[in-house]
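Student: What follows is target37.cif, made up of mmCIF, C-alpha atoms:
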```cif
data_my_file
loop_
_atom_site.label_atom_id
_atom_site.label_comp_id
_atom_site.auth_asym_id
_atom_site.auth_seq_id
_atom_site.Cartn_x
_atom_site.Cartn_y
_atom_site.Cartn_z
CA MET V 860 35.65 21.40 -8.73
CA LYS V 861 34.91 24.19 -11.14
CA GLY V 862 31.41 25.55 -10.71
CA ASP V 863 31.17 24.13 -7.21
CA THR V 864 28.69 25.73 -4.84
CA LYS V 865 29.95 26.95 -1.47
CA MET V 866 26.84 25.81 0.34
CA VAL V 867 23.94 23.52 -0.51
CA THR V 868 20.73 24.23 1.35
CA LYS V 869 19.17 21.51 3.46
CA ASP V 870 16.15 21.58 1.16
CA ILE V 871 18.24 20.84 -1.95
CA ALA V 872 20.16 18.10 -0.15
CA TYR V 873 16.88 16.56 1.01
CA GLN V 874 15.49 16.61 -2.55
CA ALA V 875 18.60 14.82 -3.81
CA LYS V 876 18.41 12.25 -1.02
CA SER V 877 14.69 11.73 -1.60
CA LEU V 878 15.31 11.00 -5.28
CA LEU V 879 17.97 8.41 -4.38
CA LEU V 880 15.57 6.80 -1.91
CA SER V 881 12.60 6.87 -4.29
CA GLU V 882 14.17 5.08 -7.24
CA TYR V 883 15.74 1.64 -7.31
CA HIS V 884 17.74 1.47 -10.52
CA GLY V 885 20.18 3.70 -12.38
CA VAL V 886 22.83 3.73 -15.08
CA LEU V 887 26.21 2.63 -13.77
CA SER V 888 29.20 3.97 -15.72
CA THR V 889 32.64 2.40 -15.40
CA HIS V 890 36.01 2.81 -17.13
CA SER V 891 36.15 0.37 -20.02
CA VAL V 892 38.96 -2.17 -19.94
CA ASP V 893 38.38 -3.37 -23.51
CA VAL V 894 38.03 0.07 -25.13
CA LYS V 895 40.50 2.29 -23.31
CA GLY V 896 39.45 5.87 -22.61
CA PHE V 897 35.73 5.25 -23.05
CA PRO V 898 33.04 5.06 -20.35
CA PHE V 899 30.88 1.94 -20.24
CA GLY V 900 27.26 2.31 -19.12
CA SER V 901 24.91 -0.40 -17.90
CA VAL V 902 21.61 -0.51 -16.02
CA ALA V 903 22.00 -1.47 -12.36
CA PRO V 904 19.26 -2.13 -9.78
CA TYR V 905 20.20 -0.88 -6.33
CA CYS V 906 19.03 -0.39 -2.79
CA LEU V 907 20.61 1.52 0.07
CA ASP V 908 22.28 0.06 3.14
CA ALA V 909 21.46 1.14 6.68
CA GLU V 910 23.60 4.28 6.41
CA GLY V 911 22.36 5.29 2.98
CA HIS V 912 25.15 4.00 0.73
CA VAL V 913 24.14 2.53 -2.62
CA VAL V 914 24.49 -1.26 -2.85
CA ILE V 915 24.50 -3.13 -6.16
CA LEU V 916 24.69 -6.85 -6.99
CA ILE V 917 26.76 -7.65 -10.09
CA SER V 918 28.14 -10.75 -11.75
CA SER V 919 31.84 -11.49 -11.75
CA ILE V 920 31.68 -12.17 -15.51
CA ALA V 921 29.88 -8.91 -16.34
CA GLN V 922 31.80 -6.24 -18.23
CA HIS V 923 31.14 -3.56 -15.60
CA THR V 924 32.54 -5.83 -12.86
CA LYS V 925 35.74 -6.39 -14.81
CA ASN V 926 35.97 -2.63 -15.30
CA ILE V 927 35.49 -1.97 -11.57
CA ASP V 928 38.16 -4.51 -10.67
CA SER V 929 40.56 -2.55 -12.89
CA ASP V 930 39.44 0.95 -11.78
CA ASN V 931 36.90 1.31 -9.02
CA LYS V 932 35.96 4.93 -9.80
CA VAL V 933 32.39 4.88 -11.10
CA SER V 934 29.34 7.05 -11.53
CA LEU V 935 25.68 6.20 -11.09
CA ILE V 936 22.94 8.37 -12.55
CA VAL V 937 19.45 8.08 -11.11
CA THR V 938 16.54 9.75 -12.87
CA GLU V 939 13.07 10.58 -11.64
CA GLY V 940 10.60 8.13 -13.13
CA GLU V 941 7.08 8.59 -14.49
CA VAL V 942 7.43 12.16 -15.73
CA ASP V 943 5.93 13.49 -18.96
CA ASP V 944 8.84 15.74 -19.88
CA ILE V 945 12.30 14.27 -19.31
CA HIS V 946 13.79 17.78 -19.44
CA THR V 947 12.03 18.66 -16.20
CA ALA V 948 12.81 15.37 -14.43
CA ALA V 949 15.07 15.44 -11.41
CA ARG V 950 18.32 13.49 -11.73
CA LEU V 951 21.24 12.70 -9.51
CA THR V 952 24.74 11.64 -10.56
CA LEU V 953 26.91 10.00 -7.93
CA LEU V 954 30.69 10.07 -8.33
CA ALA V 955 31.81 7.14 -6.24
CA GLU V 956 34.34 4.45 -5.46
CA ALA V 957 33.01 0.91 -5.66
CA GLU V 958 34.08 -1.58 -3.02
CA LYS V 959 33.20 -5.27 -2.75
CA VAL V 960 31.10 -5.88 0.35
CA ALA V 961 32.44 -8.40 2.82
CA ASP V 962 29.96 -11.10 3.83
CA ASN V 963 27.18 -9.06 5.44
CA ASP V 964 23.81 -10.61 6.28
CA ASP V 965 22.10 -7.23 6.80
CA VAL V 966 23.03 -6.03 3.32
CA LYS V 967 22.04 -9.33 1.72
CA GLU V 968 18.68 -9.63 3.43
CA ARG V 969 17.71 -6.04 2.67
CA TYR V 970 18.62 -6.43 -1.00
CA TYR V 971 16.72 -9.73 -1.23
CA ARG V 972 13.58 -8.07 0.14
CA PHE V 973 13.74 -5.47 -2.61
CA PHE V 974 14.68 -7.95 -5.34
CA PRO V 975 13.68 -11.53 -4.39
CA PRO V 976 15.14 -13.22 -7.54
CA ALA V 977 18.54 -11.77 -6.57
CA LYS V 978 18.93 -14.47 -3.92
CA ASP V 979 19.24 -17.14 -6.61
CA TYR V 980 21.63 -14.97 -8.64
CA HIS V 981 23.86 -14.44 -5.66
CA LEU V 982 23.94 -18.05 -4.53
CA GLN V 983 24.11 -19.79 -7.91
CA HIS V 984 25.58 -17.46 -10.52
CA ASP V 985 28.67 -15.89 -8.95
CA PHE V 986 27.20 -12.46 -8.18
CA GLU V 987 28.78 -10.22 -5.55
CA PHE V 988 27.61 -7.15 -3.64
CA TYR V 989 29.43 -3.85 -4.12
CA ARG V 990 28.95 -0.69 -2.07
CA LEU V 991 29.34 2.71 -3.71
CA HIS V 992 31.14 5.22 -1.49
CA THR V 993 30.04 8.54 -2.90
CA VAL V 994 32.72 11.21 -3.21
CA LYS V 995 30.42 13.91 -4.52
CA ALA V 996 27.08 14.17 -6.27
CA ARG V 997 25.53 16.39 -8.92
CA PHE V 998 21.81 17.06 -8.48
CA ILE V 999 19.55 18.62 -11.09
CA GLY V 1000 16.15 19.35 -9.63
CA GLY V 1001 14.72 20.59 -12.92
CA PHE V 1002 15.63 23.01 -15.67
CA GLY V 1003 18.35 25.37 -14.43
CA ARG V 1004 18.34 23.96 -10.86
CA ILE V 1005 21.85 22.49 -10.71
CA HIS V 1006 23.81 21.81 -7.54
CA TRP V 1007 26.85 19.91 -6.27
CA VAL V 1008 25.89 17.97 -3.14
CA PRO V 1009 28.47 16.78 -0.58
CA ALA V 1010 28.49 13.01 -0.09
CA ASP V 1011 27.59 13.13 3.60
CA GLU V 1012 24.42 15.08 2.81
CA LEU V 1013 23.06 12.02 1.01
CA LEU V 1014 23.45 9.67 3.97
CA LEU V 1015 20.62 8.88 6.37
CA SER V 1016 20.70 11.13 9.41
CA HIS V 1017 19.45 8.29 11.64
CA SER V 1018 20.15 4.66 10.79
CA PHE V 1019 18.68 1.37 12.01
CA ASP V 1020 20.66 -1.84 12.02
CA GLY V 1021 19.44 -4.81 10.01
CA LYS V 1022 17.91 -6.66 12.93
CA GLU V 1023 15.93 -3.61 14.06
CA GLU V 1024 14.63 -2.84 10.58
CA HIS V 1025 13.86 -6.48 9.86
CA GLY V 1026 11.78 -6.68 13.04
CA MET V 1027 9.73 -3.63 12.07
CA VAL V 1028 9.18 -4.88 8.52
CA ASP V 1029 8.15 -8.37 9.69
CA HIS V 1030 5.76 -6.89 12.25
CA MET V 1031 4.03 -4.78 9.60
CA ASN V 1032 3.78 -7.66 7.12
CA ASN V 1033 2.59 -10.22 9.67
CA ASP V 1034 0.24 -8.09 11.76
CA HIS V 1035 -0.75 -5.00 9.78
CA LEU V 1036 -1.45 -6.00 6.20
CA ASP V 1037 -4.63 -3.88 6.32
CA ALA V 1038 -2.52 -0.78 7.06
CA ILE V 1039 -0.16 -1.57 4.17
CA GLN V 1040 -3.13 -1.95 1.84
CA LYS V 1041 -4.44 1.41 3.03
CA TYR V 1042 -1.06 3.03 2.32
CA CYS V 1043 -1.30 1.69 -1.24
CA GLY V 1044 -4.73 3.22 -1.69
CA ASP V 1045 -3.77 6.56 -0.18
CA TYR V 1046 -0.58 6.87 -2.25
CA ASP V 1047 -2.02 5.55 -5.54
CA VAL V 1048 0.04 2.38 -5.56
CA ALA V 1049 -1.63 0.04 -8.07
CA VAL V 1050 -2.41 -3.40 -6.65
CA MET V 1051 -4.02 -6.15 -8.74
CA ASP V 1052 -6.51 -8.55 -7.12
CA THR V 1053 -3.95 -11.34 -7.34
CA GLU V 1054 -1.19 -9.29 -5.68
CA GLU V 1055 -0.41 -8.74 -2.03
CA PRO V 1056 1.65 -5.69 -1.12
CA ILE V 1057 4.42 -6.14 1.42
CA MET V 1058 6.76 -3.77 3.19
CA VAL V 1059 10.40 -4.32 2.28
CA GLY V 1060 12.23 -1.44 3.94
CA ILE V 1061 11.94 1.25 6.61
CA ASP V 1062 14.24 4.17 7.31
CA CYS V 1063 14.03 7.49 9.09
CA TYR V 1064 12.49 9.24 6.05
CA GLY V 1065 9.90 6.70 4.91
CA CYS V 1066 9.24 3.12 3.86
CA HIS V 1067 9.33 0.97 0.74
CA LEU V 1068 6.52 -1.31 -0.39
CA ARG V 1069 6.82 -4.02 -3.03
CA VAL V 1070 3.87 -5.11 -5.16
CA GLY V 1071 4.92 -7.97 -7.39
CA GLU V 1072 8.22 -6.81 -8.89
CA ARG V 1073 7.52 -3.09 -8.40
CA VAL V 1074 9.02 -1.17 -5.49
CA THR V 1075 7.37 2.06 -4.35
CA ARG V 1076 8.55 4.66 -1.88
CA ILE V 1077 6.18 6.23 0.67
CA PRO V 1078 7.75 9.19 2.52
CA PHE V 1079 7.01 10.16 6.10
CA ALA V 1080 5.66 13.64 6.74
CA THR V 1081 8.48 14.29 9.20
CA LEU V 1082 11.78 12.68 10.17
CA ALA V 1083 11.53 9.60 12.41
CA GLU V 1084 14.54 9.48 14.73
CA ASN V 1085 13.92 6.08 16.31
CA ALA V 1086 11.68 3.01 16.23
CA VAL V 1087 9.05 4.67 18.43
CA SER V 1088 8.86 7.61 16.01
CA ILE V 1089 8.49 5.23 13.08
CA ARG V 1090 5.59 3.48 14.78
CA GLU V 1091 3.94 6.85 15.36
CA ARG V 1092 4.32 7.76 11.66
CA LEU V 1093 2.92 4.43 10.47
CA VAL V 1094 -0.03 4.59 12.86
CA ALA V 1095 -0.81 8.17 11.82
CA MET V 1096 -0.71 7.16 8.14
CA ALA V 1097 -3.05 4.21 8.82
CA ARG V 1098 -5.53 6.44 10.65
CA ALA V 1099 -5.40 9.35 8.20
#
```
Please express what this file holds, its structure, as C-alpha cells.

Tutor:
Amino acid sequence: MKGDTKMVTKDIAYQAKSLLLSEYHGVLSTHSVDVKGFPFGSVAPYCLDAEGHVVILISSIAQHTKNIDSDNKVSLIVTEGEVDDIHTAARLTLLAEAEKVADNDDVKERYYRFFPPAKDYHLQHDFEFYRLHTVKARFIGGFGRIHWVPADELLLSHSFDGKEEHGMVDHMNNDHLDAIQKYCGDYDVAVMDTEEPIMVGIDCYGCHLRVGERVTRIPFATLAENAVSIRERLVAMARA
C-alpha cells in the first residue's frame, strides 16, 4: 500500500491493540448492495475472541448483513472515547474480511458477558456472530501520528481458552467482589449504590469490568503470560 511503513514499533502496535481492547463499539462499513459503489456505515458493538479477533453480532435482516453476504470485505473504525478534542483522539481502522462464526460456545458466552441482552437477540431474533479477520489496520495515535499496523500485531500474544477464562472470571465474581470494587475505585469507574460491578473478561493485557450496561477496561501493568501471572496481577492490584 502506498505510504506503508516498513516497520511499526512494538510501542505503536501496543497502543493500537490497547485501543481495540479498551473500546467496545465502532462504525462498521460495508459495500452497499442497494446503492452500488457507496459504503454503508452502521454502529456495531463488539468484543474480541480468545485470540484477539473482533466479533460482532448482527441480524440477518440488517442492511450491513446483506452487504456482507454479498461482499465480505469490511472496515471497522474504533475511536478513543471520552476525549475533549476529537482531533487528538486515537483511532483505529481495521480492514477485514467478515466470516460467519460456526456454533462456538466460547465466543457466545464471552459476548453475552459483555452484552447480556444479546443472548435474547441471538436466540429469538435471528442474529448471527461474525468474526472479522483483519488484513491490515491504520492507527492514528493523535495529530500527525499515523501508522499502518500489520494484522498479527493486533492479536493477543498469549490466549486463554473459554473454559480457562470463564473459570477465572467466575472465581473473581463469586469470591472477590471486594477486590473488583476496589479496582473500580482505583481506576475511577463510577458505580451507583444500586449497581454491582462484575468482571466479564480477562486476557493477558488486562481485564474488563461491567457496571450496568457500561464496560470498562483495566490494563495490567505488565503482560500476564498464564493464569498464575494473571492471579499475581489481580492480587497486586487489590493490595495496591

Student: Which residue gives the smallest distance to V:Thr993 among V:Gly1044, V:Gly900, V:Gly911, V:Gly1071, with all atoms listed in the file counted?

Tutor: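 Closest to V:Thr993 of all the choices is V:Gly911.
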
Student: With the PyMOL selection byres ((chain V and resi 955-966) around 6) as the selection, what would be picked from this file? Answer as a PDB file with C-alpha atoms, in the coordinates of the input, please.

Tutor:
```pdb
ATOM      1  CA  ASN V 931      36.900   1.310  -9.020  1.00  0.00           C
ATOM      2  CA  LYS V 932      35.960   4.930  -9.800  1.00  0.00           C
ATOM      3  CA  VAL V 933      32.390   4.880 -11.100  1.00  0.00           C
ATOM      4  CA  SER V 934      29.340   7.050 -11.530  1.00  0.00           C
ATOM      5  CA  LEU V 953      26.910  10.000  -7.930  1.00  0.00           C
ATOM      6  CA  LEU V 954      30.690  10.070  -8.330  1.00  0.00           C
ATOM      7  CA  LYS V 967      22.040  -9.330   1.720  1.00  0.00           C
ATOM      8  CA  GLU V 968      18.680  -9.630   3.430  1.00  0.00           C
ATOM      9  CA  ARG V 969      17.710  -6.040   2.670  1.00  0.00           C
ATOM     10  CA  PHE V 988      27.610  -7.150  -3.640  1.00  0.00           C
ATOM     11  CA  TYR V 989      29.430  -3.850  -4.120  1.00  0.00           C
ATOM     12  CA  ARG V 990      28.950  -0.690  -2.070  1.00  0.00           C
ATOM     13  CA  LEU V 991      29.340   2.710  -3.710  1.00  0.00           C
ATOM     14  CA  HIS V 992      31.140   5.220  -1.490  1.00  0.00           C
ATOM     15  CA  THR V 993      30.040   8.540  -2.900  1.00  0.00           C
ATOM     16  CA  VAL V 994      32.720  11.210  -3.210  1.00  0.00           C
ATOM     17  CA  GLY V1021      19.440  -4.810  10.010  1.00  0.00           C
TER      18      GLY V1021
END
```

Student: Quick one: which residues end up in the PyMOL selection byres ((chain V and resi 1083-1089) around 6) for this structure, as a list in words?

Tutor: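 Against this file, the PyMOL selection byres ((chain V and resi 1083-1089) around 6) returns the residues His1017, Cys1063, Leu1082, Arg1090, Glu1091 and Arg1092 of chain V.
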
Student: Counting all atoms listed in the file, which residue out of V:Gln874, V:Pro975, V:Phe1019, V:Leu1013 sits closest to V:Val1070?

Tutor: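 For V:Val1070, the nearest of the candidates is V:Pro975.
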
Student: So how far away is atom CA of V:Thr952 from atom CA of V:Gly885, in Å?

Tutor: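 Distance between the two atoms: 9.3 Å.
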
Student: State, in Å with one decimal place, the distance from atom CA of V:Arg1069 to atom CA of V:His946.

Tutor: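 Taking atom CA of V:Arg1069 and atom CA of V:His946, their separation equals 28.2 Å.
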
Student: Given the file shown, enumerate the residues that the PyMOL selection byres ((chain V and resi 1055) around 9) captures and present them as a list in words.

Tutor: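 Applying the PyMOL selection byres ((chain V and resi 1055) around 9) to the structure shown produces Leu1036, Gln1040, Val1050, Met1051, Asp1052, Thr1053, Glu1054, Pro1056, Ile1057, Arg1069, Val1070 and Gly1071 of chain V.
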
Student: Need to verify the contact set: stretch 875-879 of chain V, 8 Å, only C-alpha atoms, exclusion of same-chain residues closer than 4 positions in sequence. Can you return it as a PyMOL selection string?

Tutor: chain V and resi 871+883+937-939+949-951+998+1000+1008+1012-1014

Student: Which of these residues is nearest to V:Asp893, using only C-alpha atoms: V:His1030, V:Arg1004, V:Thr1075, V:Ser929?

Tutor: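 When distances to V:Asp893 are compared using only C-alpha atoms, the smallest one comes from V:Ser929.
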
Student: Can you work out which one of V:His890, V:Ile936, V:Met1027, V:Leu880 has the shortest atom-to-atom distance to V:Ala903, counting all atoms listed in the file?

Tutor: V:Ile936

Student: List the residues sitting within 12 Å of (23.2, -14.3, -5.8) in the file's frame, using only C-alpha atoms, as an mmCIF file with C-alpha atoms, keeping the file's coordinate frame.

Tutor:
```cif
data_model
loop_
_atom_site.group_PDB
_atom_site.id
_atom_site.type_symbol
_atom_site.label_atom_id
_atom_site.label_comp_id
_atom_site.auth_asym_id
_atom_site.auth_seq_id
_atom_site.Cartn_x
_atom_site.Cartn_y
_atom_site.Cartn_z
ATOM 1 C CA ILE V 915 24.500 -3.130 -6.160
ATOM 2 C CA LEU V 916 24.690 -6.850 -6.990
ATOM 3 C CA ILE V 917 26.760 -7.650 -10.090
ATOM 4 C CA SER V 918 28.140 -10.750 -11.750
ATOM 5 C CA SER V 919 31.840 -11.490 -11.750
ATOM 6 C CA LYS V 967 22.040 -9.330 1.720
ATOM 7 C CA GLU V 968 18.680 -9.630 3.430
ATOM 8 C CA TYR V 970 18.620 -6.430 -1.000
ATOM 9 C CA TYR V 971 16.720 -9.730 -1.230
ATOM 10 C CA PHE V 974 14.680 -7.950 -5.340
ATOM 11 C CA PRO V 975 13.680 -11.530 -4.390
ATOM 12 C CA PRO V 976 15.140 -13.220 -7.540
ATOM 13 C CA ALA V 977 18.540 -11.770 -6.570
ATOM 14 C CA LYS V 978 18.930 -14.470 -3.920
ATOM 15 C CA ASP V 979 19.240 -17.140 -6.610
ATOM 16 C CA TYR V 980 21.630 -14.970 -8.640
ATOM 17 C CA HIS V 981 23.860 -14.440 -5.660
ATOM 18 C CA LEU V 982 23.940 -18.050 -4.530
ATOM 19 C CA GLN V 983 24.110 -19.790 -7.910
ATOM 20 C CA HIS V 984 25.580 -17.460 -10.520
ATOM 21 C CA ASP V 985 28.670 -15.890 -8.950
ATOM 22 C CA PHE V 986 27.200 -12.460 -8.180
ATOM 23 C CA GLU V 987 28.780 -10.220 -5.550
ATOM 24 C CA PHE V 988 27.610 -7.150 -3.640
#
```

Student: Tell me which of V:Trp1007, V:Tyr1064, V:Phe899, V:Tyr1046 sits closest to V:Ala921, counting only C-alpha atoms.

Tutor: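 Using only C-alpha atoms, the shortest distance to V:Ala921 belongs to V:Phe899.
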
Student: I'd like to know which of V:Asp930, V:Met1058, V:His1067, V:Pro1009 is closest to V:Asn1032, using only C-alpha atoms.

Tutor: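 With only C-alpha atoms as the atom set, the closest residue is V:Met1058.
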
Student: Would you output stretch 944-955 of chain V from that structure, restricted to all heavy atoms, as a PDB file, in the first residue's frame?

Tutor:
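Okay, out_39.pdb is ready:
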```pdb
ATOM      1  N   ASP V 944     -11.068  16.846  22.803  1.00  0.00           N
ATOM      2  CA  ASP V 944     -10.819  17.280  21.437  1.00  0.00           C
ATOM      3  C   ASP V 944     -10.727  16.058  20.532  1.00  0.00           C
ATOM      4  O   ASP V 944      -9.764  15.289  20.605  1.00  0.00           O
ATOM      5  CB  ASP V 944      -9.523  18.089  21.367  1.00  0.00           C
ATOM      6  CG  ASP V 944      -9.248  18.663  19.981  1.00  0.00           C
ATOM      7  OD1 ASP V 944     -10.033  18.378  19.053  1.00  0.00           O
ATOM      8  OD2 ASP V 944      -8.245  19.389  19.828  1.00  0.00           O
ATOM      9  N   ILE V 945     -11.720  15.883  19.674  1.00  0.00           N
ATOM     10  CA  ILE V 945     -11.758  14.695  18.815  1.00  0.00           C
ATOM     11  C   ILE V 945     -10.560  14.643  17.877  1.00  0.00           C
ATOM     12  O   ILE V 945     -10.147  13.568  17.434  1.00  0.00           O
ATOM     13  CB  ILE V 945     -13.081  14.665  18.008  1.00  0.00           C
ATOM     14  CG1 ILE V 945     -13.268  13.305  17.328  1.00  0.00           C
ATOM     15  CG2 ILE V 945     -13.132  15.799  16.997  1.00  0.00           C
ATOM     16  CD1 ILE V 945     -13.429  12.156  18.257  1.00  0.00           C
ATOM     17  N   HIS V 946      -9.959  15.794  17.581  1.00  0.00           N
ATOM     18  CA  HIS V 946      -8.797  15.815  16.685  1.00  0.00           C
ATOM     19  C   HIS V 946      -7.593  15.098  17.294  1.00  0.00           C
ATOM     20  O   HIS V 946      -6.719  14.607  16.576  1.00  0.00           O
ATOM     21  CB  HIS V 946      -8.404  17.256  16.343  1.00  0.00           C
ATOM     22  CG  HIS V 946      -9.453  18.000  15.571  1.00  0.00           C
ATOM     23  ND1 HIS V 946     -10.400  18.790  16.179  1.00  0.00           N
ATOM     24  CD2 HIS V 946      -9.718  18.047  14.249  1.00  0.00           C
ATOM     25  CE1 HIS V 946     -11.195  19.314  15.269  1.00  0.00           C
ATOM     26  NE2 HIS V 946     -10.814  18.867  14.085  1.00  0.00           N
ATOM     27  N   THR V 947      -7.539  15.073  18.608  1.00  0.00           N
ATOM     28  CA  THR V 947      -6.395  14.441  19.278  1.00  0.00           C
ATOM     29  C   THR V 947      -6.698  13.008  19.704  1.00  0.00           C
ATOM     30  O   THR V 947      -5.835  12.330  20.255  1.00  0.00           O
ATOM     31  CB  THR V 947      -5.992  15.257  20.524  1.00  0.00           C
ATOM     32  OG1 THR V 947      -7.075  15.245  21.473  1.00  0.00           O
ATOM     33  CG2 THR V 947      -5.673  16.696  20.145  1.00  0.00           C
ATOM     34  N   ALA V 948      -7.922  12.545  19.474  1.00  0.00           N
ATOM     35  CA  ALA V 948      -8.310  11.197  19.900  1.00  0.00           C
ATOM     36  C   ALA V 948      -7.613  10.139  19.049  1.00  0.00           C
ATOM     37  O   ALA V 948      -7.427  10.311  17.843  1.00  0.00           O
ATOM     38  CB  ALA V 948      -9.818  11.019  19.795  1.00  0.00           C
ATOM     39  N   ALA V 949      -7.234   9.062  19.681  1.00  0.00           N
ATOM     40  CA  ALA V 949      -6.674   7.937  18.936  1.00  0.00           C
ATOM     41  C   ALA V 949      -7.801   7.225  18.196  1.00  0.00           C
ATOM     42  O   ALA V 949      -8.943   7.181  18.668  1.00  0.00           O
ATOM     43  CB  ALA V 949      -5.991   6.966  19.897  1.00  0.00           C
ATOM     44  N   ARG V 950      -7.504   6.697  17.014  1.00  0.00           N
ATOM     45  CA  ARG V 950      -8.487   5.912  16.277  1.00  0.00           C
ATOM     46  C   ARG V 950      -7.794   4.817  15.475  1.00  0.00           C
ATOM     47  O   ARG V 950      -6.642   4.956  15.083  1.00  0.00           O
ATOM     48  CB  ARG V 950      -9.372   6.758  15.370  1.00  0.00           C
ATOM     49  CG  ARG V 950      -8.697   7.703  14.455  1.00  0.00           C
ATOM     50  CD  ARG V 950      -8.606   9.091  15.053  1.00  0.00           C
ATOM     51  NE  ARG V 950      -8.404  10.121  14.045  1.00  0.00           N
ATOM     52  CZ  ARG V 950      -7.932  11.320  14.357  1.00  0.00           C
ATOM     53  NH1 ARG V 950      -7.626  11.620  15.602  1.00  0.00           N
ATOM     54  NH2 ARG V 950      -7.788  12.239  13.426  1.00  0.00           N
ATOM     55  N   LEU V 951      -8.539   3.764  15.264  1.00  0.00           N
ATOM     56  CA  LEU V 951      -8.006   2.586  14.599  1.00  0.00           C
ATOM     57  C   LEU V 951      -9.011   2.104  13.563  1.00  0.00           C
ATOM     58  O   LEU V 951     -10.187   1.910  13.873  1.00  0.00           O
ATOM     59  CB  LEU V 951      -7.753   1.479  15.632  1.00  0.00           C
ATOM     60  CG  LEU V 951      -7.242   0.132  15.117  1.00  0.00           C
ATOM     61  CD1 LEU V 951      -5.817   0.273  14.586  1.00  0.00           C
ATOM     62  CD2 LEU V 951      -7.282  -0.912  16.231  1.00  0.00           C
ATOM     63  N   THR V 952      -8.563   1.944  12.329  1.00  0.00           N
ATOM     64  CA  THR V 952      -9.419   1.436  11.264  1.00  0.00           C
ATOM     65  C   THR V 952      -8.927   0.057  10.845  1.00  0.00           C
ATOM     66  O   THR V 952      -7.784  -0.086  10.404  1.00  0.00           O
ATOM     67  CB  THR V 952      -9.414   2.372  10.042  1.00  0.00           C
ATOM     68  OG1 THR V 952      -9.873   3.667  10.432  1.00  0.00           O
ATOM     69  CG2 THR V 952     -10.338   1.835   8.954  1.00  0.00           C
ATOM     70  N   LEU V 953      -9.789  -0.937  11.003  1.00  0.00           N
ATOM     71  CA  LEU V 953      -9.455  -2.295  10.592  1.00  0.00           C
ATOM     72  C   LEU V 953      -9.983  -2.541   9.185  1.00  0.00           C
ATOM     73  O   LEU V 953     -11.161  -2.271   8.903  1.00  0.00           O
ATOM     74  CB  LEU V 953     -10.086  -3.320  11.536  1.00  0.00           C
ATOM     75  CG  LEU V 953      -9.814  -3.201  13.032  1.00  0.00           C
ATOM     76  CD1 LEU V 953     -10.502  -4.335  13.772  1.00  0.00           C
ATOM     77  CD2 LEU V 953      -8.324  -3.194  13.313  1.00  0.00           C
ATOM     78  N   LEU V 954      -9.133  -3.032   8.307  1.00  0.00           N
ATOM     79  CA  LEU V 954      -9.569  -3.531   7.001  1.00  0.00           C
ATOM     80  C   LEU V 954      -9.634  -5.043   7.147  1.00  0.00           C
ATOM     81  O   LEU V 954      -8.627  -5.689   7.445  1.00  0.00           O
ATOM     82  CB  LEU V 954      -8.577  -3.129   5.914  1.00  0.00           C
ATOM     83  CG  LEU V 954      -8.273  -1.623   5.813  1.00  0.00           C
ATOM     84  CD1 LEU V 954      -7.253  -1.360   4.717  1.00  0.00           C
ATOM     85  CD2 LEU V 954      -9.540  -0.827   5.570  1.00  0.00           C
ATOM     86  N   ALA V 955     -10.820  -5.602   6.964  1.00  0.00           N
ATOM     87  CA  ALA V 955     -11.001  -7.002   7.361  1.00  0.00           C
ATOM     88  C   ALA V 955     -11.964  -7.737   6.439  1.00  0.00           C
ATOM     89  O   ALA V 955     -12.692  -7.131   5.650  1.00  0.00           O
ATOM     90  CB  ALA V 955     -11.526  -7.053   8.802  1.00  0.00           C
TER      91      ALA V 955
END
```
